[in-house]
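In what follows, a single structure is set out as structure tokens and then discussed.
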Number of protein chains: 2
Amino acid sequence: MNATRRQFLHATGTSLVATPLAASMSSAAAAGQPQGQGQPARKLGYALVGIGSLTTNQILPAFARCEHARPVALVSGDAAKARTTAAQYGIPERGIYSYDTYDRLADNPDIDIVYIVLPNSMHAEYTIRAHKAGKHVLCEKPMANSVKECEAMIAAGRDADRKQMIAYRLRYEPFNQAMIKMAREQEFGKTKVILCDAGFSIGNPDQWRLKKDLAGGGSMMDIGIYALNAARYLSGEEPTEVHAMEYTTPDDPRFREVEETITFQLRFPSGTLANCVSSYGAGFNRFRVHAERGSFELEPALSYNGLRMRVFRGSTVEERYLPQRDHFAAEMDHMAQAVKDGTQPLTPGEEGLADLRAIEAVYQSIQTRQPVKVGA
Amino acid sequence: MNATRRQFLHATGTSLVATPLAASMSSAAAAGQPQGQGQPARKLGYALVGIGSLTTNQILPAFARCEHARPVALVSGDAAKARTTAAQYGIPERGIYSYDTYDRLADNPDIDIVYIVLPNSMHAEYTIRAHKAGKHVLCEKPMANSVKECEAMIAAGRDADRKQMIAYRLRYEPFNQAMIKMAREQEFGKTKVILCDAGFSIGNPDQWRLKKDLAGGGSMMDIGIYALNAARYLSGEEPTEVHAMEYTTPDDPRFREVEETITFQLRFPSGTLANCVSSYGAGFNRFRVHAERGSFELEPALSYNGLRMRVFRGSTVEERYLPQRDHFAAEMDHMAQAVKDGTQPLTPGEEGLADLRAIEAVYQSIQTRQPVKVGA
């Protein structure tokens, strides 16, 4: 029962319901009501680079729920698909680009932000070129395939004096935000152990995510990064030490080039420990924080919708209900606001770089069969 | 909110309900109905060694639910407590022993099986002496404080030609048995990753479990062993490699001698990986198996009662209901039956030894900060 990535991330059976909060925010924006100091909200223009399933199924539909963002351009190697998609979302003819004409984004004043939704190996090049074209950049995770590429991307943003953000959508939705708050405010005392598991049984063996050159690695780059990132944001710390074990089923056509499953342990400076799983071989969708006097978890934790929170204290298990928000609308609005306000996004390039440092340590631990100091 | 061990293991808020199955079994036994080949069931006599809270709160009350076992002797350093307890359970005066008169168990034909419920450091000596007295032995887990002691205990049982069993109660109750069956029969395909977490916030800093000499170690010896044992029985394999990380809160009066929290990873020959937690600093009570097409878990997994099973498949979460059995009655009956039938108990000394091999590898990994081959 292998799944597409999309099926997995929709695996909750719960469809997105517009919540009162989200609804009131977008209706205010849609009606062009005055905001802030009496200025009508100007929606910033996004260019989408790559129109694979994430773009067509999640990102483009999410603009309808955005207050500060609208799609104004598409970059694709498939001109026919680009034209059809553009028509569907009211993107004008002048907003259609191929990879050959990518650098001309510079000449299009409609475009404020370039959203990179390409295979991982292309993130660095297309981010750097977008900055050189004078644009702000929102880039999908993983930020790139190496620490070195991340550093070059950050430098490009700094040189161009443009904002750069990595699309860690879970940082912008209420359930993960509530988990962070509960951990930081120590609702159940000091955090002892964090458990983060992310995985799904991947389908089509021919997809780019299973090609080492394009994806940079296997499950760890694509889905394990959610577990790693969550362990970092739930602890609020950077790991100092990593140990990892890997297993990949021999002769499985999906795993000719990349790894299937990794279990990894993290040590944080405060003494918090984390146990994590990354897998392309089975379903994992849970973040849990064990603190002195109770624990709290999300399961599903990383689906596009239908997240659920349970809180364990003594003999009681309590479910906490929160509004569901469209993760992509929330992150695109956040980036647009950061650009408008001249503030640093919550998940800048440095956040993507920190994950890549830890991922490189995970791979090094697998290779050397030793624990590895992170960033050392 | 520290807890006694007993409070934690009762932490489910669910009281034990006699199930139809268990009830029908014990009523048949209580009525002395003919069994097997027309023989009335003879209940074998147990001597309980140590009358701490586990004996008084769990083991002695469980005899009321036993079909094949009855309490006939107590060994205690507290003569007054022994007399009161004996009177409560109809144990005759001649069944009361002190540690000075322990070897005289040999002369009491009422006693078939000696159940060792002493601090860990005393398991080896009292098991070996019971075998020398010609008795079968049921011994609490951990079997002993070292592989060496376990080996001496196994040899003593063999030399005396007596049965030996380690009290892994979860192997005798329906929920853990169902988990094993689901894994072995691959109801959801091949097992990929096993997650086993066991811990509680320990109370009184003066108890023997927090003394290195008596307990042999900290959380790993007492509660982490449940996670380890479960990873072994859920995989059906012996781990080949262990890596562990440890953290113990400085200046916590409970942890002057022993460790607080350990996260440990196991690698099994088939490629199954396990991530486990052992803690005296926070509550953990869950075993989970992630297989190719779904996952199944117990939470609580190791409480004395109130276990619950959830099964995850695609977008559905299903709860499976099973009869609750008294774990102690089940294990004492099993041992009595093994003695009657001349069969090997399901969890003989070799099972305790295998855990100690892995526990020694866990401690060695912490000390050397290296992964450790188990049994090497």
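Letters A, B, ... go to the chains of the structure tokens in the order shown; residues in each chain start at 1; ligands are counted from 1 in the same order.
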Residues of chain A within 8 Å of chain B, counting only C-alpha atoms, as a VMD selection string: chain A and resid 1 to 2 8 11 to 13 192 201 243 245 247 to 249 263 265 267 271 to 276 281 to 284 290 to 295 314 to 316 369 to 371
Selection above as a file: N, CA and C atoms, as a compact mmCIF listing (two decimals), in the first residue's frame:
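Wrote it out as again_3.txt, contents follow:
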```txt
# COMPACT_ATOMS: atom_id res chain seq x y z
N MET A 1 0.83 -1.21 0.00
CA MET A 1 0.00 0.00 0.00
C MET A 1 0.87 1.26 0.00
N ASN A 2 1.64 1.43 -1.05
CA ASN A 2 2.46 2.62 -1.14
C ASN A 2 1.57 3.80 -1.50
N PHE A 8 -0.32 10.67 1.43
CA PHE A 8 0.11 10.55 2.82
C PHE A 8 -0.21 11.81 3.60
N ALA A 11 -3.54 12.09 4.68
CA ALA A 11 -3.97 10.79 5.17
C ALA A 11 -4.92 10.84 6.35
N THR A 12 -5.36 11.99 6.73
CA THR A 12 -6.15 12.06 7.96
C THR A 12 -7.63 11.88 7.73
N GLY A 13 -8.06 11.94 6.50
CA GLY A 13 -9.48 11.77 6.25
C GLY A 13 -10.31 12.97 6.67
N LYS A 192 11.81 16.70 29.00
CA LYS A 192 12.81 15.65 29.22
C LYS A 192 13.21 15.00 27.89
N SER A 201 5.10 5.51 3.15
CA SER A 201 5.56 4.51 2.21
C SER A 201 5.49 5.12 0.82
N HIS A 243 23.33 10.68 16.76
CA HIS A 243 23.70 9.33 16.35
C HIS A 243 22.56 8.77 15.52
N MET A 245 21.06 5.39 12.91
CA MET A 245 21.15 4.06 12.32
C MET A 245 20.25 4.07 11.08
N TYR A 247 18.45 1.72 7.76
CA TYR A 247 18.19 0.44 7.10
C TYR A 247 17.40 0.70 5.82
N THR A 248 17.85 0.07 4.75
CA THR A 248 17.21 0.20 3.45
C THR A 248 17.01 -1.19 2.89
N THR A 249 15.77 -1.53 2.54
CA THR A 249 15.46 -2.87 2.05
C THR A 249 16.21 -3.14 0.75
N THR A 263 16.76 5.92 11.97
CA THR A 263 16.42 6.34 13.33
C THR A 263 17.57 7.22 13.79
N GLN A 265 19.07 9.91 17.01
CA GLN A 265 19.00 10.47 18.36
C GLN A 265 19.71 11.81 18.37
N ARG A 267 21.08 15.07 21.01
CA ARG A 267 21.32 15.58 22.37
C ARG A 267 21.33 17.11 22.30
N GLY A 271 20.10 19.21 28.13
CA GLY A 271 19.94 17.85 28.62
C GLY A 271 18.75 17.15 27.99
N THR A 272 17.91 17.90 27.31
CA THR A 272 16.81 17.26 26.57
C THR A 272 17.39 16.32 25.53
N LEU A 273 16.78 15.13 25.41
CA LEU A 273 17.17 14.16 24.39
C LEU A 273 16.02 14.00 23.41
N ALA A 274 16.32 13.64 22.18
CA ALA A 274 15.26 13.38 21.20
C ALA A 274 15.53 12.06 20.49
N ASN A 275 14.45 11.31 20.27
CA ASN A 275 14.48 10.10 19.46
C ASN A 275 13.62 10.36 18.23
N CYS A 276 14.16 10.17 17.05
CA CYS A 276 13.43 10.52 15.84
C CYS A 276 13.47 9.39 14.82
N GLY A 281 9.47 3.93 4.17
CA GLY A 281 8.99 2.56 4.12
C GLY A 281 7.74 2.30 4.93
N ALA A 282 7.34 3.23 5.78
CA ALA A 282 6.16 3.05 6.63
C ALA A 282 5.68 4.43 7.07
N GLY A 283 4.44 4.47 7.54
CA GLY A 283 3.84 5.73 7.95
C GLY A 283 4.24 6.14 9.37
N PHE A 284 4.66 7.38 9.51
CA PHE A 284 4.98 7.99 10.82
C PHE A 284 4.51 9.43 10.73
N HIS A 290 7.68 14.88 26.05
CA HIS A 290 7.51 14.32 27.40
C HIS A 290 8.18 15.28 28.38
N ALA A 291 7.36 15.89 29.23
CA ALA A 291 7.89 16.80 30.25
C ALA A 291 7.69 16.18 31.63
N GLU A 292 8.19 16.86 32.63
CA GLU A 292 8.20 16.30 33.99
C GLU A 292 6.83 15.83 34.45
N ARG A 293 5.79 16.59 34.17
CA ARG A 293 4.49 16.29 34.77
C ARG A 293 3.43 15.88 33.76
N GLY A 294 3.83 15.64 32.53
CA GLY A 294 2.85 15.24 31.53
C GLY A 294 3.47 15.27 30.15
N SER A 295 2.71 14.82 29.17
CA SER A 295 3.24 14.89 27.81
C SER A 295 2.14 15.36 26.87
N GLY A 314 -1.02 12.29 34.21
CA GLY A 314 -1.47 11.25 35.14
C GLY A 314 -2.33 10.26 34.39
N SER A 315 -3.52 10.05 34.88
CA SER A 315 -4.37 9.03 34.27
C SER A 315 -5.28 9.60 33.18
N THR A 316 -5.16 10.88 32.89
CA THR A 316 -6.10 11.48 31.94
C THR A 316 -5.47 11.71 30.57
N ARG A 369 29.44 5.15 11.49
CA ARG A 369 28.94 4.36 12.63
C ARG A 369 29.46 4.89 13.96
N GLN A 370 29.49 6.20 14.07
CA GLN A 370 29.91 6.88 15.28
C GLN A 370 28.92 8.01 15.57
N PRO A 371 28.79 8.41 16.84
CA PRO A 371 28.07 9.66 17.10
C PRO A 371 28.87 10.83 16.53
```
All residues 7 Å or closer to Lys163 of chain A, only C-alpha atoms, same chain fewer than 5 positions away omitted, as a list in words: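 After dropping sequence-adjacent residues, the list is His136, Val137, Gly157 and Val339 of chain A.
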Exercise: segment 49-56 of chain B partners within 9 Å, only C-alpha atoms, chain neighbours under 5 positions left out, as a ChimeraX atom specification: /B:6,61,73-78,81-82,85,97,99,114-119,126
All alpha helix (DSSP H) residues (DSSP, backbone) inside segment 123-323 of chain B, as a PyMOL selection string: chain B and resi 123-132+147-160+174-184+212-215+219+225-235
Residues within 10 Å of Ala106 of chain B, only C-alpha atoms, excluding chain neighbours under 3 positions, as a VMD selection string: chain B and resid 102 to 103 109 to 112 129 to 135
Could those selected residues go to a file with C-alpha atoms, as a PDB file, in the first residue's frame?
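The new file result_22.pdb reads:
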```pdb
ATOM      1  CA  TYR B 102      15.559 -19.248  54.286  1.00  0.00           C
ATOM      2  CA  ASP B 103      17.387 -22.488  53.520  1.00  0.00           C
ATOM      3  CA  PRO B 109       6.795 -29.844  51.025  1.00  0.00           C
ATOM      4  CA  ASP B 110       3.982 -27.265  50.637  1.00  0.00           C
ATOM      5  CA  ILE B 111       6.402 -25.081  48.694  1.00  0.00           C
ATOM      6  CA  ASP B 112       6.773 -25.917  44.993  1.00  0.00           C
ATOM      7  CA  ARG B 129      19.765 -20.906  47.263  1.00  0.00           C
ATOM      8  CA  ALA B 130      16.150 -21.737  46.395  1.00  0.00           C
ATOM      9  CA  HIS B 131      17.292 -24.082  43.634  1.00  0.00           C
ATOM     10  CA  LYS B 132      19.746 -25.676  46.082  1.00  0.00           C
ATOM     11  CA  ALA B 133      16.764 -26.183  48.393  1.00  0.00           C
ATOM     12  CA  GLY B 134      15.199 -28.154  45.530  1.00  0.00           C
ATOM     13  CA  LYS B 135      12.620 -25.537  44.583  1.00  0.00           C
TER      14      LYS B 135
END
```
Residues within 8 Å of Met335 of chain B, only C-alpha atoms, excluding chain neighbours under 3 positions, as a PyMOL selection string: chain B and resi 138+165+331-332+338-339+345
Writing out the chosen residues with N, CA and C atoms as a PDB file, in the first residue's frame:
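Contents of the output file selection.pdb:
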```pdb
ATOM      1  N   LEU B 138      10.541 -18.550  40.401  1.00  0.00           N
ATOM      2  CA  LEU B 138      10.050 -17.439  39.584  1.00  0.00           C
ATOM      3  C   LEU B 138      10.737 -16.201  40.150  1.00  0.00           C
ATOM      4  N   MET B 165      11.994 -19.240  35.913  1.00  0.00           N
ATOM      5  CA  MET B 165      11.252 -18.307  35.042  1.00  0.00           C
ATOM      6  C   MET B 165      11.464 -16.886  35.553  1.00  0.00           C
ATOM      7  N   GLU B 331       0.917 -14.958  35.100  1.00  0.00           N
ATOM      8  CA  GLU B 331       2.302 -15.447  35.090  1.00  0.00           C
ATOM      9  C   GLU B 331       2.512 -16.535  36.142  1.00  0.00           C
ATOM     10  N   MET B 332       1.848 -16.409  37.297  1.00  0.00           N
ATOM     11  CA  MET B 332       2.031 -17.437  38.339  1.00  0.00           C
ATOM     12  C   MET B 332       1.373 -18.750  37.915  1.00  0.00           C
ATOM     13  N   ALA B 338       3.852 -24.977  33.949  1.00  0.00           N
ATOM     14  CA  ALA B 338       5.123 -25.476  33.401  1.00  0.00           C
ATOM     15  C   ALA B 338       5.717 -26.520  34.341  1.00  0.00           C
ATOM     16  N   VAL B 339       5.617 -26.263  35.639  1.00  0.00           N
ATOM     17  CA  VAL B 339       6.142 -27.223  36.621  1.00  0.00           C
ATOM     18  C   VAL B 339       5.332 -28.518  36.567  1.00  0.00           C
ATOM     19  N   PRO B 345       9.104 -22.818  30.784  1.00  0.00           N
ATOM     20  CA  PRO B 345       8.284 -21.591  30.812  1.00  0.00           C
ATOM     21  C   PRO B 345       8.615 -20.705  29.606  1.00  0.00           C
TER      22      PRO B 345
END
```
Near-Gln344 of chain A list (12 Å; only C-alpha atoms; drop same-chain fewer than 2 positions) as a PyMOL selection string: chain A and resi 136+157-158+161-166+334-342+346-351
Who sits within 8 Å of segment 231-235 of chain A, only C-alpha atoms, same chain under 4 positions skipped, as a VMD selection string: chain A and resid 179 to 180 183 to 184 191 194 to 196 227 239 268 272 274 289
Length of the atom CA of Gln207 of chain B to atom CA of Ile225 of chain B vector [Å]: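 According to the coordinates, atom CA of Gln207 of chain B and atom CA of Ile225 of chain B are separated by 18.7 Å.
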All strand (DSSP E or B) positions in segment 188-328 of chain B, as a ChimeraX atom specification: /B:191-199,202,241-247,261-267,273-279,284-291,294-298,309-313,316-320
Option closest in space to His68 of chain B, from B:Ala215, B:Val147, B:Leu356, B:Ala330 [counting only C-alpha atoms]: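 For His68 of chain B, the nearest of the candidates is B:Ala330.
Interatomic distance, atom CA of Ala152 of chain A against atom CA of Asp355 of chain A: 15.3 Å.
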